[in-house]
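Asker: File entry_34.cif follows (mmCIF, C-alpha atoms):
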data_entry
loop_
_atom_site.label_atom_id
_atom_site.label_comp_id
_atom_site.auth_asym_id
_atom_site.auth_seq_id
_atom_site.Cartn_x
_atom_site.Cartn_y
_atom_site.Cartn_z
CA MET A 280 327.64 116.49 150.04
CA SER A 281 323.94 116.29 150.79
CA GLY A 282 321.26 113.68 151.22
CA ILE A 283 317.96 113.56 149.35
CA THR A 284 314.54 113.08 150.91
CA LEU A 285 311.34 112.29 149.00
CA SER A 286 308.15 112.57 151.05
CA GLY A 287 304.81 111.54 149.58
CA LEU A 288 306.10 112.34 146.10
CA THR A 289 303.34 112.09 143.50
CA LYS A 290 303.24 112.86 139.79
CA ARG A 291 300.13 112.73 137.62
CA TYR A 292 299.79 113.44 133.92
CA GLY A 293 296.23 114.58 133.41
CA SER A 294 293.51 112.69 135.25
CA ASP A 295 294.31 109.23 133.93
CA VAL A 296 298.06 108.63 134.31
CA LEU A 297 299.55 108.23 137.79
CA ALA A 298 303.29 107.99 137.12
CA VAL A 299 304.57 108.26 140.71
CA ASP A 300 302.31 107.33 143.60
CA GLU A 301 303.15 108.91 146.99
CA VAL A 302 306.67 107.50 147.32
CA ASP A 303 308.92 108.05 150.32
CA LEU A 304 312.69 107.61 150.15
CA GLN A 305 315.61 108.78 152.27
CA ILE A 306 318.98 108.79 150.48
CA GLU A 307 321.91 109.41 152.81
CA SER A 308 324.77 111.75 152.00
CA GLY A 309 327.34 109.97 149.84
CA GLU A 310 325.05 107.00 149.15
CA PHE A 311 324.63 105.38 145.71
CA VAL A 312 320.96 104.45 145.23
CA THR A 313 319.58 102.91 142.07
CA LEU A 314 315.97 103.22 140.94
CA VAL A 315 315.28 100.05 138.97
CA GLY A 316 312.16 98.68 137.37
CA PRO A 317 310.45 97.91 134.06
CA SER A 318 309.66 100.54 131.44
CA GLY A 319 306.86 102.82 132.57
CA CYS A 320 307.25 102.09 136.28
CA GLY A 321 308.02 105.73 137.20
CA LYS A 322 311.76 105.61 137.83
CA THR A 323 312.76 108.24 135.26
CA THR A 324 309.87 110.49 136.28
CA THR A 325 311.07 110.27 139.88
CA LEU A 326 314.62 111.19 138.83
CA ARG A 327 313.41 114.10 136.69
CA THR A 328 311.32 115.35 139.59
CA ILE A 329 314.40 115.32 141.84
CA ALA A 330 316.27 117.25 139.14
CA GLY A 331 313.47 119.81 138.74
CA PHE A 332 312.56 118.93 135.15
CA GLU A 333 309.13 117.70 136.33
CA THR A 334 306.87 119.47 138.80
CA PRO A 335 305.31 117.06 141.31
CA THR A 336 301.55 116.90 141.76
CA GLY A 337 302.07 116.33 145.47
CA GLY A 338 304.71 115.72 148.11
CA THR A 339 308.13 117.29 148.65
CA VAL A 340 311.73 116.98 147.48
CA ARG A 341 314.53 117.98 149.86
CA ILE A 342 318.23 118.12 149.01
CA GLY A 343 320.57 118.71 151.91
CA GLY A 344 317.56 119.45 154.11
CA ARG A 345 316.43 122.29 151.83
CA ASN A 346 312.95 122.10 150.32
CA VAL A 347 313.49 122.38 146.55
CA THR A 348 310.08 121.10 145.45
CA ASP A 349 309.26 124.29 143.58
CA ALA A 350 312.82 125.36 142.73
CA PRO A 351 313.98 125.33 139.08
CA PRO A 352 316.79 122.92 138.10
CA TYR A 353 319.52 125.56 138.21
CA GLU A 354 318.75 126.32 141.87
CA ARG A 355 319.05 122.73 143.07
CA ASN A 356 322.83 122.30 142.71
CA THR A 357 322.58 118.86 141.11
CA GLY A 358 324.61 117.43 138.25
CA MET A 359 322.86 115.27 135.66
CA VAL A 360 324.11 112.83 133.05
CA PHE A 361 321.65 111.83 130.35
CA GLN A 362 321.38 108.62 128.34
CA ASP A 363 322.65 110.32 125.15
CA PHE A 364 325.37 112.27 127.08
CA ALA A 365 324.12 115.57 125.48
CA LEU A 366 327.62 116.90 124.82
CA PHE A 367 327.83 120.05 122.72
CA PRO A 368 329.34 118.92 119.39
CA HIS A 369 330.69 122.38 118.48
CA MET A 370 332.60 122.71 121.77
CA THR A 371 335.90 121.12 122.72
CA VAL A 372 336.12 118.74 125.65
CA HIS A 373 337.53 121.56 127.77
CA GLU A 374 334.63 123.84 126.83
CA ASN A 375 332.07 121.11 127.51
CA VAL A 376 333.46 120.39 130.98
CA ALA A 377 333.70 124.10 131.77
CA TYR A 378 330.16 124.86 130.59
CA GLY A 379 328.38 124.40 133.92
CA MET A 380 330.87 126.53 135.83
CA GLU A 381 330.69 129.30 133.22
CA ALA A 382 326.89 129.24 133.23
CA GLU A 383 326.81 129.38 137.02
CA GLY A 384 329.27 132.29 137.18
CA GLY A 385 331.44 133.38 140.07
CA TYR A 386 334.61 131.60 138.91
CA THR A 387 337.77 133.11 137.48
CA GLN A 388 339.13 131.67 134.24
CA ALA A 389 342.08 130.23 136.15
CA GLU A 390 339.72 128.46 138.57
CA ILE A 391 337.73 127.04 135.66
CA ASP A 392 340.85 125.83 133.86
CA ASP A 393 342.20 124.20 137.02
CA ARG A 394 338.86 122.50 137.72
CA VAL A 395 338.57 121.19 134.16
CA GLU A 396 342.04 119.64 134.40
CA GLU A 397 341.13 118.14 137.77
CA MET A 398 337.98 116.59 136.30
CA LEU A 399 339.82 115.20 133.28
CA ASP A 400 342.32 113.59 135.65
CA LEU A 401 339.45 112.16 137.71
CA VAL A 402 337.85 110.48 134.69
CA GLU A 403 341.32 109.38 133.47
CA LEU A 404 341.30 111.47 130.28
CA PRO A 405 344.09 113.99 130.87
CA GLY A 406 345.20 115.83 127.77
CA PHE A 407 341.87 115.43 125.98
CA GLY A 408 340.81 119.05 126.45
CA ASN A 409 341.33 120.15 122.84
CA ARG A 410 339.42 117.27 121.26
CA TYR A 411 335.82 117.43 120.07
CA PRO A 412 333.08 114.94 121.05
CA ASP A 413 333.07 113.27 117.62
CA GLN A 414 336.74 112.41 118.14
CA LEU A 415 335.90 110.36 121.25
CA SER A 416 334.69 106.78 121.73
CA GLY A 417 331.37 106.12 123.43
CA GLY A 418 333.07 105.38 126.74
CA GLN A 419 335.14 108.54 126.54
CA GLN A 420 332.05 110.63 125.78
CA GLN A 421 330.37 109.12 128.82
CA ARG A 422 333.32 110.10 131.01
CA ILE A 423 333.30 113.67 129.65
CA ALA A 424 329.57 113.96 130.34
CA LEU A 425 330.28 112.82 133.90
CA ALA A 426 333.16 115.30 134.26
CA ARG A 427 330.89 118.12 133.06
CA ALA A 428 328.23 117.19 135.61
CA LEU A 429 330.78 117.09 138.46
CA ALA A 430 332.78 120.20 137.59
CA PRO A 431 330.52 122.74 139.42
CA GLU A 432 330.74 120.59 142.61
CA PRO A 433 327.05 119.64 142.86
CA ASP A 434 325.45 118.34 146.05
CA ALA A 435 324.06 115.30 144.22
CA LEU A 436 324.65 113.43 140.96
CA LEU A 437 321.65 112.20 138.93
CA LEU A 438 322.21 109.56 136.25
CA ASP A 439 319.48 108.68 133.73
CA GLU A 440 320.58 105.36 132.16
CA PRO A 441 323.95 106.82 131.10
CA LEU A 442 325.38 103.42 130.11
CA ALA A 443 322.46 102.21 127.98
CA SER A 444 324.02 103.07 124.61
CA LEU A 445 327.34 101.30 125.31
CA ASP A 446 328.17 97.74 124.22
CA LYS A 447 328.20 95.05 126.90
CA LYS A 448 331.96 94.93 127.55
CA LEU A 449 332.33 98.71 127.63
CA ARG A 450 329.23 99.00 129.77
CA GLU A 451 330.72 96.65 132.35
CA GLN A 452 334.00 98.60 132.35
CA MET A 453 332.13 101.87 132.84
CA GLN A 454 330.13 100.42 135.72
CA VAL A 455 333.41 99.93 137.58
CA GLU A 456 334.75 103.35 136.58
CA LEU A 457 331.57 105.17 137.50
CA ARG A 458 331.46 103.58 140.93
CA ARG A 459 335.17 104.29 141.47
CA ILE A 460 334.65 107.96 140.71
CA GLN A 461 331.53 108.16 142.89
CA GLU A 462 333.32 106.60 145.85
CA GLU A 463 336.42 108.76 145.34
CA ILE A 464 334.52 112.04 145.64
CA GLY A 465 331.78 110.70 147.95
CA ILE A 466 328.88 112.32 146.12
CA THR A 467 325.24 111.39 146.74
CA THR A 468 324.12 109.58 143.60
CA VAL A 469 320.77 108.50 142.17
CA PHE A 470 321.06 106.14 139.24
CA VAL A 471 318.22 104.99 136.97
CA THR A 472 318.37 101.74 135.01
CA HIS A 473 316.15 98.89 133.88
CA ASN A 474 319.18 96.57 133.85
CA GLN A 475 318.96 94.35 136.93
CA GLU A 476 322.58 93.15 136.76
CA GLU A 477 323.79 96.74 136.58
CA ALA A 478 321.66 97.71 139.57
CA LEU A 479 322.94 94.80 141.66
CA THR A 480 326.57 95.51 140.71
CA MET A 481 326.75 99.23 141.39
CA SER A 482 324.44 100.15 144.24
CA ASP A 483 324.57 100.64 147.98
CA ARG A 484 320.80 100.21 147.89
CA LEU A 485 318.16 99.39 145.28
CA ALA A 486 314.71 100.94 145.10
CA VAL A 487 312.65 98.53 142.99
CA MET A 488 309.72 100.35 141.36
CA ASN A 489 306.46 98.96 140.03
CA GLU A 490 303.50 101.00 138.84
CA GLY A 491 304.73 104.18 140.48
CA ARG A 492 305.55 102.71 143.88
CA PHE A 493 308.59 101.24 145.60
CA GLU A 494 308.07 97.49 145.99
CA GLN A 495 311.27 97.05 148.02
CA VAL A 496 314.18 99.22 149.09
CA GLY A 497 317.35 97.65 150.46
CA PRO A 498 320.94 96.51 149.83
CA PRO A 499 321.43 94.45 146.65
CA GLY A 500 322.08 91.19 148.51
CA GLU A 501 318.97 91.61 150.63
CA VAL A 502 316.72 92.40 147.66
CA TYR A 503 318.09 89.45 145.67
CA ASP A 504 318.14 86.85 148.46
CA ARG A 505 315.10 88.02 150.43
CA PRO A 506 312.58 89.54 147.99
CA ASN A 507 309.44 90.72 149.73
CA SER A 508 307.10 90.19 146.77
CA ARG A 509 306.62 87.97 143.76
CA PHE A 510 307.26 90.98 141.51
CA VAL A 511 310.67 91.72 143.06
CA ALA A 512 311.71 88.07 142.89
CA ASP A 513 310.69 87.82 139.25
CA PHE A 514 312.21 91.15 138.16
CA ILE A 515 315.55 91.07 139.98
CA GLY A 516 317.53 88.18 138.57
CA THR A 517 316.09 84.78 137.61
CA ALA A 518 313.72 82.97 139.94
CA ASN A 519 311.91 79.67 140.09
CA ILE A 520 308.45 80.49 141.42
CA PHE A 521 306.10 77.85 142.82
CA GLU A 522 302.50 78.98 143.34
CA SER A 523 301.38 77.26 146.50
CA SER A 524 299.15 77.20 149.53
CA VAL A 525 300.38 76.71 153.08
CA ALA A 526 299.58 73.29 154.53
CA GLY A 527 301.29 73.82 157.88
CA VAL A 528 303.76 75.97 159.81
CA GLU A 529 306.20 74.69 162.45
CA ASN A 530 309.38 76.13 163.98
CA GLY A 531 309.69 78.91 161.41
CA TYR A 532 309.24 76.66 158.37
CA ALA A 533 306.19 76.20 156.21
CA THR A 534 305.11 73.09 154.34
CA VAL A 535 303.33 74.16 151.20
CA ASP A 536 301.34 72.32 148.56
CA SER A 537 302.27 73.33 145.02
CA GLU A 538 299.99 71.44 142.61
CA GLY A 539 300.40 68.23 144.57
CA THR A 540 304.11 68.65 145.35
CA ALA A 541 305.09 69.28 148.97
CA ILE A 542 307.82 71.88 149.47
CA GLU A 543 309.37 73.11 152.70
CA ALA A 544 310.41 76.76 152.91
CA VAL A 545 311.35 79.48 155.37
CA ALA A 546 307.97 80.71 156.57
CA GLY A 547 308.48 84.42 157.17
CA GLY A 548 306.33 86.45 159.52
CA GLY A 549 302.60 86.01 159.79
CA VAL A 550 302.14 83.07 157.42
CA GLN A 551 299.20 80.86 158.36
CA PRO A 552 297.87 77.52 157.07
CA GLY A 553 295.61 78.10 154.10
CA ASP A 554 297.43 81.23 152.89
CA ASP A 555 298.14 81.51 149.17
CA VAL A 556 301.88 82.02 148.75
CA SER A 557 304.70 81.93 146.20
CA VAL A 558 307.88 79.97 146.96
CA ILE A 559 310.99 81.60 145.47
CA VAL A 560 314.13 79.58 144.63
CA ARG A 561 317.13 81.14 142.88
CA PRO A 562 318.73 78.89 140.20
CA GLU A 563 322.13 78.73 141.91
CA ARG A 564 320.55 77.36 145.12
CA PHE A 565 319.82 74.00 143.50
CA ARG A 566 322.38 71.21 143.80
CA PHE A 567 322.76 68.14 141.65
CA ALA A 568 322.52 64.77 143.43
CA SER A 569 326.29 64.24 143.56
CA GLU A 570 326.74 67.68 145.10
CA ALA A 571 323.97 67.23 147.62
CA ALA A 572 325.50 64.00 148.93
CA GLU A 573 328.69 65.83 149.81
CA SER A 574 327.05 68.88 151.42
CA ASP A 575 325.55 69.59 154.80
CA ALA A 576 321.78 69.63 154.49
CA GLY A 577 319.81 72.50 155.96
CA HIS A 578 316.46 72.13 157.73
CA ALA A 579 315.13 69.84 155.00
CA GLU A 580 315.82 68.88 151.41
CA ASN A 581 313.34 69.45 148.59
CA VAL A 582 314.15 66.95 145.84
CA PHE A 583 313.15 67.10 142.16
CA GLU A 584 313.77 64.56 139.42
CA GLY A 585 313.62 65.30 135.72
CA GLU A 586 315.31 65.67 132.35
CA ILE A 587 317.55 68.47 131.10
CA THR A 588 315.89 70.09 128.07
CA PHE A 589 318.20 73.05 127.43
CA LYS A 590 321.65 74.20 128.47
CA ARG A 591 323.52 77.46 127.88
CA HIS A 592 326.94 78.72 128.90
CA LEU A 593 327.10 82.17 130.50
CA GLY A 594 330.86 82.38 130.85
CA SER A 595 331.62 81.67 134.50
CA SER A 596 328.35 79.78 134.98
CA VAL A 597 326.06 77.34 133.16
CA GLU A 598 322.28 77.55 133.17
CA SER A 599 320.15 74.47 132.52
CA ARG A 600 316.41 74.01 132.04
CA LEU A 601 315.02 70.95 133.75
CA GLU A 602 311.58 69.42 133.07
CA THR A 603 310.51 67.54 136.19
CA VAL A 604 308.54 64.30 136.20
CA ASP A 605 305.40 66.26 137.14
CA GLY A 606 305.80 68.68 134.21
CA ARG A 607 307.40 71.69 135.90
CA GLU A 608 310.24 73.66 134.34
CA LEU A 609 313.11 74.54 136.68
CA VAL A 610 316.07 76.80 135.96
CA VAL A 611 319.24 75.46 137.57
CA ALA A 612 322.62 77.24 137.54
CA HIS A 613 326.08 76.04 138.52
CA ARG A 614 329.70 77.00 138.12
CA SER A 615 331.13 76.38 134.66
CA GLY A 616 333.01 73.07 134.42
CA LEU A 617 331.42 71.64 137.57
CA HIS A 618 328.98 69.25 135.85
CA GLU A 619 328.89 67.56 132.46
CA HIS A 620 325.13 67.07 132.17
CA GLU A 621 323.69 67.54 128.69
CA PRO A 622 320.17 67.89 127.24
CA GLY A 623 318.42 64.54 127.43
CA ASP A 624 320.14 63.48 130.67
CA SER A 625 318.00 62.41 133.62
CA VAL A 626 319.10 64.19 136.81
CA THR A 627 318.09 64.76 140.40
CA VAL A 628 318.40 68.20 142.00
CA SER A 629 317.68 69.38 145.51
CA VAL A 630 317.41 72.60 147.44
CA ASP A 631 317.47 73.27 151.19
CA ALA A 632 314.36 74.67 152.80
CA ASP A 633 316.61 77.47 154.08
CA ASP A 634 317.14 78.54 150.46
CA CYS A 635 313.42 78.62 149.63
CA ARG A 636 311.84 82.03 150.29
CA LEU A 637 308.13 82.38 150.77
CA VAL A 638 306.13 85.51 149.89
CA THR A 639 302.41 86.03 150.22
CA ARG A 640 300.27 86.56 147.14
#
Would you mind writing the file out in structure tokens?
Answerer:
Amino acid sequence: MSGITLSGLTKRYGSDVLAVDEVDLQIESGEFVTLVGPSGCGKTTTLRTIAGFETPTGGTVRIGGRNVTDAPPYERNTGMVFQDFALFPHMTVHENVAYGMEAEGGYTQAEIDDRVEEMLDLVELPGFGNRYPDQLSGGQQQRIALARALAPEPDALLLDEPLASLDKKLREQMQVELRRIQEEIGITTVFVTHNQEEALTMSDRLAVMNEGRFEQVGPPGEVYDRPNSRFVADFIGTANIFESSVAGVENGYATVDSEGTAIEAVAGGGVQPGDDVSVIVRPERFRFASEAAESDAGHAENVFEGEITFKRHLGSSVESRLETVDGRELVVAHRSGLHEHEPGDSVTVSVDADDCRLVTR
């Protein structure tokens, strides 16, 4: 397998639209990297440029150390799965999976037949070779599209929102299956999605895109727990964001003033008194008063009082909206069954300064 290197990659459409803006990214061999961001951020354009379906305005694309910037798609040895699967409806499953090998040439019929059976076993659909795409469920079609992409043994696998058309339960099942297959064969994979939960679930690393640039690249836990910008915090997961200014910094912690409310937070590098900052708190970091009394406090406790205005069950967790006495709205999450608070209840919640992340604005 081969790694992928993007150096100064740029893509313009005409003189007005800058879709990808001089991005750099090193994807290691066998790594699963997800490009995630809102619609129009440049993630699909970046993927299509790696695949050779778009010609970059500037910069280079290397796959396995080979410069393929100007090479057509068929010379890049990549496999691609599209959002609509793009299976040939007039071909059987066997013929669909074999298509890439037959188009590439150099294989005997016996080699093709053996490889098709191997791929059908890999995607756990043995014996489906004689069926047609319209005889398959959405999840089965997705697996066949994946088998077709992998059959010619590409150096890299490129996935353009291949799970977007599936229902939620099937989508979650296919997330597990797709990652299992990727890990089993160890192929370098670039995955595009706008679904933050999907990106966090599946990836070795995330590359969060905004307006054609990478805002942050890192492991899912790092991006979620230590966002380096307000945009990343707001886009990846749910975040409580306090717009503030730094009143003081001491021993790695900052005291900030957020519309008259003092909050202590981890300072981060280079923060100075007077700086305009955003304090980021994830919903699950809050504790209700009864919980806080039983826990070990961190550097300091930030305490908020208010009334629950809305509550929703999310299966294993519960999310509540809390209007504080000074008019703020907080989102607080906890494990299902842990608390019995209902809308209208007055509550007190707290969060450790260690769980408050500060980013400059």
Asker: In Å to one decimal, how far is atom CA of His618 of chain A from atom CA of Ile587 of chain A?
Answerer: 12.4 Å
Asker: A:Val638, A:Gly497, A:Arg509, A:Glu456: which is nearest Val525 of chain A, counting only C-alpha atoms?
Answerer: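 When distances to Val525 of chain A are compared using only C-alpha atoms, the smallest one comes from A:Val638.
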Asker: Within 9 Å of Glu451 of chain A, counting all atoms listed in the file, which residues qualify if same-chain residues fewer than 5 places away don't, as an NGL selection string?
Answerer: :A and (442 or 446 or 456 or 477)
Asker: Applied to the shown file, which residues does the PyMOL selection byres ((chain A and resi 510-514) around 8) return, written as a PyMOL selection string?
Answerer: chain A and resi 316+475+487+494-495+502-503+506-509+515-518+520+559
Asker: Counting all atoms listed in the file, which residue out of A:Tyr353, A:Phe367, A:Tyr292, A:Phe493 sits closest to Pro412 of chain A?
Answerer: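 Of the candidates, the smallest distance to Pro412 of chain A is held by A:Phe367.
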Asker: Give as a VMD selection string the residues that the PyMOL selection byres ((chain A and resi 454) around 12) matches when applied to the coordinates above.
Answerer: chain A and resid 418 421 to 422 440 to 443 445 to 453 455 to 461 470 472 474 476 to 482
Asker: Taking into account only C-alpha atoms, which residue in the set A:Asp349, A:Asp634, A:Glu584, A:Glu608 is nearest to Val558 of chain A?
Answerer: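 Looking only at the distances to Val558 of chain A, the closest residue turns out to be A:Asp634.
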Asker: Name the residues captured by the PyMOL selection byres ((chain A and resi 469) around 12) when it is applied to the shown file; answer as a ChimeraX atom specification.
Answerer: /A:282-284,304-315,322-323,325-330,357-360,434-441,458,461,466-468,470-472,478,481-486
Asker: Figure out the distance between atom CA of Asn519 of chain A and atom CA of Leu601 of chain A, please, to one decimal in Å.
Answerer: 11.2 Å
Asker: Just how far from atom CA of Asp392 of chain A is atom CA of Asp413 of chain A, in Å to one decimal?
Answerer: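 Calculated distance between atom CA of Asp413 of chain A and atom CA of Asp392 of chain A is 22.0 Å.
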Asker: Nearest to Arg410 of chain A among A:Val582, A:Met398, A:Val376, A:Ala365, with distances taken over only C-alpha atoms: which residue is it?
Answerer: A:Val376
Asker: Using all atoms listed in the file, which of the listed residues (A:Asn489, A:Ser318, A:Glu396, A:Ser444) sits closest to His473 of chain A?
Answerer: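 Distance minimum relative to His473 of chain A lands on A:Ser318.
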Asker: Would you mind telling me which residue in A:Glu462, A:Ala430, A:Asp624, A:Gly549 lies nearest to Tyr386 of chain A when using all atoms listed in the file?
Answerer: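 The shortest atom-to-atom distance to Tyr386 of chain A comes from A:Ala430.
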